[in-house]
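Undergrad: So I've got this file, input.txt, and it contains compact mmCIF, C-alpha atoms:
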```txt
# COMPACT_ATOMS: atom_id res chain seq x y z
CA MET A 504 -52.18 -54.51 12.74
CA LEU A 505 -50.29 -51.56 11.23
CA THR A 506 -52.98 -49.18 12.46
CA SER A 507 -52.62 -50.60 15.97
CA ALA A 508 -48.84 -50.15 15.81
CA PHE A 509 -49.04 -46.52 14.65
CA ARG A 510 -51.60 -45.69 17.32
CA ALA A 511 -49.44 -47.32 20.00
CA PHE A 512 -46.38 -45.34 18.88
CA GLY A 513 -48.48 -42.18 19.16
CA ASP A 514 -49.63 -43.14 22.64
CA LEU A 515 -46.02 -43.75 23.69
CA PHE A 516 -45.29 -40.01 23.78
CA SER A 517 -48.26 -39.08 25.98
CA PRO A 518 -47.56 -37.68 29.48
CA GLU A 519 -49.18 -40.72 31.14
CA PHE A 520 -46.79 -43.10 29.40
CA ARG A 521 -43.73 -41.03 30.26
CA SER A 522 -44.82 -40.90 33.89
CA VAL A 523 -45.11 -44.70 34.13
CA LEU A 524 -41.79 -45.21 32.32
CA PHE A 525 -39.98 -42.86 34.70
CA LYS A 526 -41.55 -44.60 37.72
CA ALA A 527 -40.48 -48.05 36.47
CA LEU A 528 -36.97 -46.86 35.64
CA GLY A 529 -36.66 -45.10 38.99
CA LEU A 530 -37.70 -48.23 40.90
CA THR A 531 -35.28 -50.33 38.83
CA VAL A 532 -32.32 -48.02 39.43
CA ALA A 533 -33.15 -47.81 43.14
CA LEU A 534 -33.27 -51.61 43.36
CA PHE A 535 -29.90 -52.04 41.65
CA ILE A 536 -28.26 -49.33 43.77
CA ALA A 537 -29.52 -51.11 46.91
CA VAL A 538 -28.26 -54.49 45.63
CA LEU A 539 -24.88 -52.99 44.69
CA ALA A 540 -24.48 -51.33 48.09
CA ILE A 541 -25.43 -54.51 49.99
CA ALA A 542 -23.10 -56.62 47.82
CA GLU A 543 -20.20 -54.24 48.41
CA LEU A 544 -20.78 -54.35 52.18
CA LEU A 545 -20.93 -58.15 52.17
CA ILE A 546 -17.78 -58.44 50.06
CA ALA A 547 -15.91 -55.99 52.27
CA GLY A 548 -17.04 -57.86 55.39
CA PHE A 549 -16.30 -61.41 54.30
CA THR A 550 -13.23 -61.16 52.06
CA HIS A 551 -10.02 -60.98 54.09
CA PHE A 552 -6.98 -62.13 52.18
CA SER A 553 -3.38 -61.84 53.32
CA TRP A 554 -2.68 -59.51 50.43
CA PRO A 555 -4.51 -56.16 50.15
CA TRP A 556 -4.36 -56.34 46.37
CA ALA A 557 -6.36 -59.62 46.44
CA ASP A 558 -9.14 -57.97 48.46
CA ARG A 559 -9.19 -55.08 46.05
CA LEU A 560 -9.25 -57.44 43.05
CA VAL A 561 -12.28 -59.29 44.45
CA GLU A 562 -14.10 -56.02 45.13
CA VAL A 563 -13.44 -54.65 41.63
CA GLY A 564 -14.32 -57.97 39.99
CA ALA A 565 -17.57 -58.27 41.92
CA GLY A 566 -18.44 -54.68 41.07
CA LEU A 567 -17.86 -55.27 37.37
CA LEU A 568 -19.91 -58.47 37.51
CA LEU A 569 -22.78 -56.61 39.13
CA LEU A 570 -22.60 -53.88 36.48
CA VAL A 571 -22.81 -56.50 33.71
CA ALA A 572 -25.79 -58.06 35.48
CA PHE A 573 -27.29 -54.58 35.79
CA PHE A 574 -27.21 -53.96 32.03
CA PHE A 575 -28.39 -57.51 31.25
CA LEU A 576 -31.28 -57.48 33.75
CA MET A 577 -32.34 -53.83 33.59
CA SER A 578 -34.83 -54.37 30.76
CA PRO A 579 -36.70 -57.36 32.27
CA VAL A 580 -36.66 -55.78 35.74
CA THR A 581 -38.05 -52.53 34.30
CA ALA A 582 -40.70 -54.63 32.55
CA ALA A 583 -41.60 -56.26 35.87
CA PHE A 584 -42.01 -52.89 37.60
CA ALA A 585 -43.91 -51.49 34.60
CA GLY A 586 -46.26 -54.45 34.94
CA LEU A 587 -47.57 -52.85 38.12
CA PHE A 588 -48.87 -49.90 36.06
CA LEU A 589 -50.07 -51.63 32.87
CA ASP A 590 -53.73 -51.52 33.90
CA GLN A 591 -53.40 -47.77 34.23
CA ILE A 592 -51.94 -47.55 30.71
CA ALA A 593 -54.64 -49.76 29.18
CA GLU A 594 -57.30 -47.60 30.84
CA LYS A 595 -55.80 -44.40 29.42
CA VAL A 596 -55.66 -45.92 25.91
CA GLU A 597 -59.31 -46.97 26.15
CA GLU A 598 -60.34 -43.51 27.38
CA ARG A 599 -58.44 -41.79 24.60
CA HIS A 600 -59.35 -43.97 21.61
CA TYR A 601 -62.51 -45.88 22.58
CA PRO A 602 -64.64 -43.59 24.77
CA TRP A 603 -67.83 -45.14 23.34
CA ASP A 604 -66.89 -48.72 24.33
CA PRO A 605 -67.58 -50.28 27.75
CA ARG A 606 -64.63 -49.63 30.06
CA GLY A 607 -62.47 -52.51 31.14
CA THR A 608 -62.22 -53.56 34.77
CA SER A 609 -58.81 -53.22 36.40
CA LEU A 610 -57.22 -56.46 37.54
CA PRO A 611 -56.97 -57.00 41.31
CA VAL A 612 -53.68 -55.66 42.68
CA GLY A 613 -52.58 -59.09 43.87
CA ARG A 614 -53.19 -60.67 40.46
CA ALA A 615 -51.38 -57.80 38.67
CA ILE A 616 -48.32 -58.18 40.94
CA LEU A 617 -48.35 -61.98 40.53
CA MET A 618 -48.60 -61.69 36.73
CA ALA A 619 -45.73 -59.19 36.64
CA ILE A 620 -43.48 -61.48 38.72
CA GLN A 621 -44.42 -64.59 36.72
CA PHE A 622 -43.80 -62.82 33.42
CA PHE A 623 -40.41 -61.55 34.62
CA ILE A 624 -39.31 -65.03 35.72
CA VAL A 625 -40.50 -66.74 32.52
CA VAL A 626 -38.92 -64.12 30.23
CA LEU A 627 -35.65 -64.24 32.17
CA LEU A 628 -35.46 -68.06 32.09
CA VAL A 629 -36.38 -68.30 28.40
CA ASN A 630 -33.87 -65.61 27.42
CA LEU A 631 -31.12 -67.29 29.45
CA ALA A 632 -31.95 -70.64 27.81
CA VAL A 633 -31.97 -69.17 24.29
CA LEU A 634 -28.97 -66.86 24.77
CA PRO A 635 -26.29 -69.50 23.87
CA THR A 636 -27.89 -69.99 20.43
CA VAL A 637 -27.00 -66.37 19.57
CA PHE A 638 -23.42 -67.55 18.98
CA PHE A 639 -24.60 -69.92 16.23
CA GLY A 640 -25.99 -67.25 13.92
CA PHE A 641 -29.65 -68.25 14.08
CA GLY A 642 -29.98 -67.44 17.78
CA VAL A 643 -31.28 -63.91 17.23
CA PHE A 644 -34.23 -65.28 15.27
CA VAL A 645 -34.91 -67.86 18.00
CA LEU A 646 -34.75 -65.10 20.62
CA ILE A 647 -37.18 -62.88 18.69
CA ALA A 648 -39.59 -65.79 18.12
CA ALA A 649 -39.51 -66.84 21.78
CA ASN A 650 -40.08 -63.29 23.01
CA ALA A 651 -42.84 -62.74 20.43
CA TYR A 652 -44.73 -65.74 21.77
CA LEU A 653 -44.30 -64.64 25.40
CA ILE A 654 -45.14 -60.97 24.75
CA GLY A 655 -48.17 -61.81 22.60
CA ARG A 656 -49.56 -64.27 25.13
CA GLU A 657 -48.97 -62.08 28.18
CA TYR A 658 -50.11 -58.69 26.90
CA PHE A 659 -53.05 -59.81 24.79
CA GLU A 660 -54.46 -61.90 27.65
CA MET A 661 -53.82 -59.12 30.17
CA VAL A 662 -55.79 -56.64 28.03
CA ALA A 663 -58.53 -59.20 27.30
CA MET A 664 -58.93 -60.05 31.01
CA ARG A 665 -60.02 -56.47 31.61
CA HIS A 666 -63.15 -57.25 29.57
CA MET A 667 -63.85 -60.96 30.05
CA PRO A 668 -63.19 -63.91 32.38
CA VAL A 669 -59.72 -65.43 32.41
CA GLU A 670 -60.65 -68.58 30.47
CA GLU A 671 -62.44 -66.59 27.76
CA ALA A 672 -59.42 -64.30 27.43
CA LYS A 673 -57.10 -67.29 26.99
CA MET A 674 -59.46 -68.87 24.45
CA LEU A 675 -59.69 -65.64 22.44
CA ARG A 676 -55.91 -65.46 22.31
CA LYS A 677 -55.64 -69.08 21.17
CA GLU A 678 -58.27 -68.54 18.47
CA ASN A 679 -56.22 -65.64 17.11
CA SER A 680 -52.77 -67.02 17.96
CA PRO A 681 -51.22 -66.58 14.45
CA ALA A 682 -52.24 -62.90 14.29
CA VAL A 683 -51.17 -62.30 17.91
CA PHE A 684 -47.78 -63.93 17.30
CA ILE A 685 -47.12 -61.95 14.09
CA ALA A 686 -48.14 -58.73 15.84
CA ALA A 687 -45.81 -59.51 18.75
CA LEU A 688 -42.77 -59.77 16.45
CA LEU A 689 -42.51 -55.96 16.46
CA PRO A 690 -42.18 -55.49 20.26
CA ALA A 691 -39.99 -58.62 20.38
CA PHE A 692 -37.57 -56.98 17.94
CA MET A 693 -37.75 -53.71 19.88
CA SER A 694 -36.80 -55.59 23.07
CA LEU A 695 -33.37 -56.33 21.55
CA VAL A 696 -32.59 -52.64 20.92
CA PRO A 697 -30.76 -51.00 23.88
CA PHE A 698 -32.74 -48.23 25.62
CA VAL A 699 -35.70 -48.75 23.26
CA ASN A 700 -36.41 -51.96 25.18
CA PHE A 701 -37.32 -49.93 28.29
CA ALA A 702 -40.45 -48.69 26.50
CA VAL A 703 -41.52 -52.14 25.25
CA PRO A 704 -43.93 -52.92 28.16
CA LEU A 705 -45.77 -49.63 27.68
CA PHE A 706 -45.80 -49.89 23.89
CA SER A 707 -47.00 -53.51 24.08
CA THR A 708 -49.86 -52.61 26.41
CA ALA A 709 -51.13 -49.89 24.08
CA TYR A 710 -50.45 -52.02 20.99
CA PHE A 711 -52.38 -55.06 22.23
CA THR A 712 -55.20 -52.88 23.56
CA HIS A 713 -55.74 -51.64 20.00
CA LEU A 714 -55.29 -55.15 18.62
CA PHE A 715 -57.79 -56.61 21.11
CA LYS A 716 -60.35 -54.03 20.10
CA SER A 717 -59.96 -54.84 16.40
CA VAL A 718 -60.06 -58.62 17.04
CA ARG A 719 -63.20 -58.31 19.14
CA VAL A 720 -64.93 -56.23 16.45
CA SER A 721 -64.01 -58.73 13.71
CA SER A 722 -65.14 -61.71 15.81
CA ALA A 723 -68.41 -60.09 16.90
```
Before we go any further, please render this structure as structure tokens.
TA:
Amino acid sequence: MLTSAFRAFGDLFSPEFRSVLFKALGLTVALFIAVLAIAELLIAGFTHFSWPWADRLVEVGAGLLLLVAFFFLMSPVTAAFAGLFLDQIAEKVEERHYPWDPRGTSLPVGRAILMAIQFFIVVLLVNLAVLPTVFFGFGVFVLIAANAYLIGREYFEMVAMRHMPVEEAKMLRKENSPAVFIAALLPAFMSLVPFVNFAVPLFSTAYFTHLFKSVRVSSA
């Protein structure tokens, strides 16, 4: 597990990883700029109070609300966009560290997009549901545990599905669920650190690629 983590951290600084990260961040920023511009146009077109200061107050308030949403949603949205490139990352990790092993098969584009959207929605809903517990002291631990389960399930199965049918990938993850969950605590903790969380999807892909390889060897 530690070996997998150190290898994944090393992979994180490769040019391929930086390229994917910049693409995901660029798409995220472009999306939020478009949403902000559309929201401003809608607010300007539909808010007409008798007092100019009231119009201005609504515009400023809506802008601030969108900025808060931007910072809150930027990490999961970046993760969703990064999900479109995770197959590419897994392939590069396999080429770099396991050239003697059979190459994995890339997931169909439609399935990759669907998985990215599903993962984004589930992570967003779970984090919104768990967020109120943060104010009771133990919430951070609940948040880390919930994200560890989701990250471990999603990334391990995604990597495994490159090498085996879907049902076999799910079964392999369930058979090794304690180890997968413990391993996922690291990226789950990283996901709570501002700016570091942008790299979590790429780190997790490399991390669970290494972990999958070690699990498969030990279960062979």
Undergrad: Write out as a PyMOL selection string which residues come within 7 Å of stretch 518-522 of chain A when counting only C-alpha atoms, dropping same-chain ones fewer than 4 positions away.
TA: chain A and resi 526+592+705
Undergrad: Could you tell me which of A:Val645, A:Leu610, A:Ala593, A:Val523 comes closest to A:Val669 if we count all atoms listed in the file?
TA: A:Leu610
Undergrad: How many Å separate atom CA of A:Val612 from atom CA of A:Phe516?
TA: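 Taking atom CA of A:Val612 as the start and atom CA of A:Phe516 as the end point, the length is 25.9 Å.
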Undergrad: Can you tell me how far atom CA of A:Phe509 sits from atom CA of A:Pro668, in Å to one decimal?
TA: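 Taking atom CA of A:Phe509 as the start and atom CA of A:Pro668 as the end point, the length is 28.6 Å.
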Undergrad: With distances taken over all atoms listed in the file, which of A:Leu631, A:Ala672, A:Gln591, A:Val625 is nearest to A:Tyr652?
TA: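 Among the listed residues, A:Val625 lies closest to A:Tyr652.
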Undergrad: Could you tell me how far atom CA of A:Val626 lies from atom CA of A:Ala691, in Å and to one decimal?
TA: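 Separation of atom CA of A:Val626 and atom CA of A:Ala691: 11.3 Å.
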Undergrad: Got a minute to add N, CA, C and O atoms to stretch 609-628 of chain A and dump it as a JSON list (two decimals), in the coordinates of the input?
TA:
```json
[["chain", "number", "residue", "atom", "x", "y", "z"],
["A", 609, "SER", "N", -60.21, -53.02, 35.99],
["A", 609, "SER", "CA", -58.81, -53.22, 36.40],
["A", 609, "SER", "C", -58.65, -54.56, 37.11],
["A", 609, "SER", "O", -59.53, -54.99, 37.86],
["A", 610, "LEU", "N", -57.51, -55.20, 36.87],
["A", 610, "LEU", "CA", -57.22, -56.46, 37.54],
["A", 610, "LEU", "C", -56.96, -56.20, 39.02],
["A", 610, "LEU", "O", -56.44, -55.14, 39.39],
["A", 611, "PRO", "N", -57.30, -57.15, 39.88],
["A", 611, "PRO", "CA", -56.97, -57.00, 41.31],
["A", 611, "PRO", "C", -55.47, -56.79, 41.48],
["A", 611, "PRO", "O", -54.66, -57.35, 40.72],
["A", 612, "VAL", "N", -55.09, -56.00, 42.47],
["A", 612, "VAL", "CA", -53.68, -55.66, 42.68],
["A", 612, "VAL", "C", -52.83, -56.91, 42.85],
["A", 612, "VAL", "O", -51.73, -57.03, 42.28],
["A", 613, "GLY", "N", -53.33, -57.85, 43.63],
["A", 613, "GLY", "CA", -52.58, -59.09, 43.87],
["A", 613, "GLY", "C", -52.32, -59.86, 42.59],
["A", 613, "GLY", "O", -51.21, -60.34, 42.36],
["A", 614, "ARG", "N", -53.35, -59.96, 41.73],
["A", 614, "ARG", "CA", -53.19, -60.67, 40.46],
["A", 614, "ARG", "C", -52.20, -59.93, 39.55],
["A", 614, "ARG", "O", -51.38, -60.55, 38.88],
["A", 615, "ALA", "N", -52.29, -58.60, 39.52],
["A", 615, "ALA", "CA", -51.38, -57.80, 38.67],
["A", 615, "ALA", "C", -49.93, -58.00, 39.11],
["A", 615, "ALA", "O", -49.04, -58.16, 38.27],
["A", 616, "ILE", "N", -49.68, -57.98, 40.42],
["A", 616, "ILE", "CA", -48.32, -58.18, 40.94],
["A", 616, "ILE", "C", -47.84, -59.58, 40.60],
["A", 616, "ILE", "O", -46.70, -59.78, 40.16],
["A", 617, "LEU", "N", -48.72, -60.59, 40.81],
["A", 617, "LEU", "CA", -48.35, -61.98, 40.53],
["A", 617, "LEU", "C", -48.03, -62.17, 39.06],
["A", 617, "LEU", "O", -47.03, -62.83, 38.70],
["A", 618, "MET", "N", -48.84, -61.57, 38.16],
["A", 618, "MET", "CA", -48.60, -61.69, 36.73],
["A", 618, "MET", "C", -47.28, -61.04, 36.34],
["A", 618, "MET", "O", -46.54, -61.57, 35.51],
["A", 619, "ALA", "N", -46.97, -59.89, 36.94],
["A", 619, "ALA", "CA", -45.73, -59.19, 36.64],
["A", 619, "ALA", "C", -44.52, -60.03, 37.04],
["A", 619, "ALA", "O", -43.54, -60.15, 36.29],
["A", 620, "ILE", "N", -44.59, -60.64, 38.23],
["A", 620, "ILE", "CA", -43.48, -61.48, 38.72],
["A", 620, "ILE", "C", -43.33, -62.73, 37.85],
["A", 620, "ILE", "O", -42.22, -63.10, 37.46],
["A", 621, "GLN", "N", -44.46, -63.38, 37.54],
["A", 621, "GLN", "CA", -44.42, -64.59, 36.72],
["A", 621, "GLN", "C", -43.84, -64.29, 35.34],
["A", 621, "GLN", "O", -43.01, -65.05, 34.82],
["A", 622, "PHE", "N", -44.28, -63.18, 34.75],
["A", 622, "PHE", "CA", -43.80, -62.82, 33.42],
["A", 622, "PHE", "C", -42.31, -62.54, 33.45],
["A", 622, "PHE", "O", -41.55, -62.96, 32.56],
["A", 623, "PHE", "N", -41.84, -61.84, 34.48],
["A", 623, "PHE", "CA", -40.41, -61.55, 34.62],
["A", 623, "PHE", "C", -39.59, -62.83, 34.71],
["A", 623, "PHE", "O", -38.58, -63.00, 34.02],
["A", 624, "ILE", "N", -40.05, -63.78, 35.53],
["A", 624, "ILE", "CA", -39.31, -65.03, 35.72],
["A", 624, "ILE", "C", -39.28, -65.84, 34.43],
["A", 624, "ILE", "O", -38.22, -66.35, 34.02],
["A", 625, "VAL", "N", -40.44, -65.95, 33.76],
["A", 625, "VAL", "CA", -40.50, -66.74, 32.52],
["A", 625, "VAL", "C", -39.63, -66.12, 31.44],
["A", 625, "VAL", "O", -38.86, -66.82, 30.76],
["A", 626, "VAL", "N", -39.73, -64.79, 31.25],
["A", 626, "VAL", "CA", -38.92, -64.12, 30.23],
["A", 626, "VAL", "C", -37.44, -64.27, 30.53],
["A", 626, "VAL", "O", -36.63, -64.55, 29.63],
["A", 627, "LEU", "N", -37.06, -64.12, 31.79],
["A", 627, "LEU", "CA", -35.65, -64.24, 32.17],
["A", 627, "LEU", "C", -35.14, -65.66, 31.89],
["A", 627, "LEU", "O", -34.06, -65.83, 31.28],
["A", 628, "LEU", "N", -35.89, -66.68, 32.30],
["A", 628, "LEU", "CA", -35.46, -68.06, 32.09],
["A", 628, "LEU", "C", -35.38, -68.42, 30.61],
["A", 628, "LEU", "O", -34.42, -69.06, 30.16]]
```
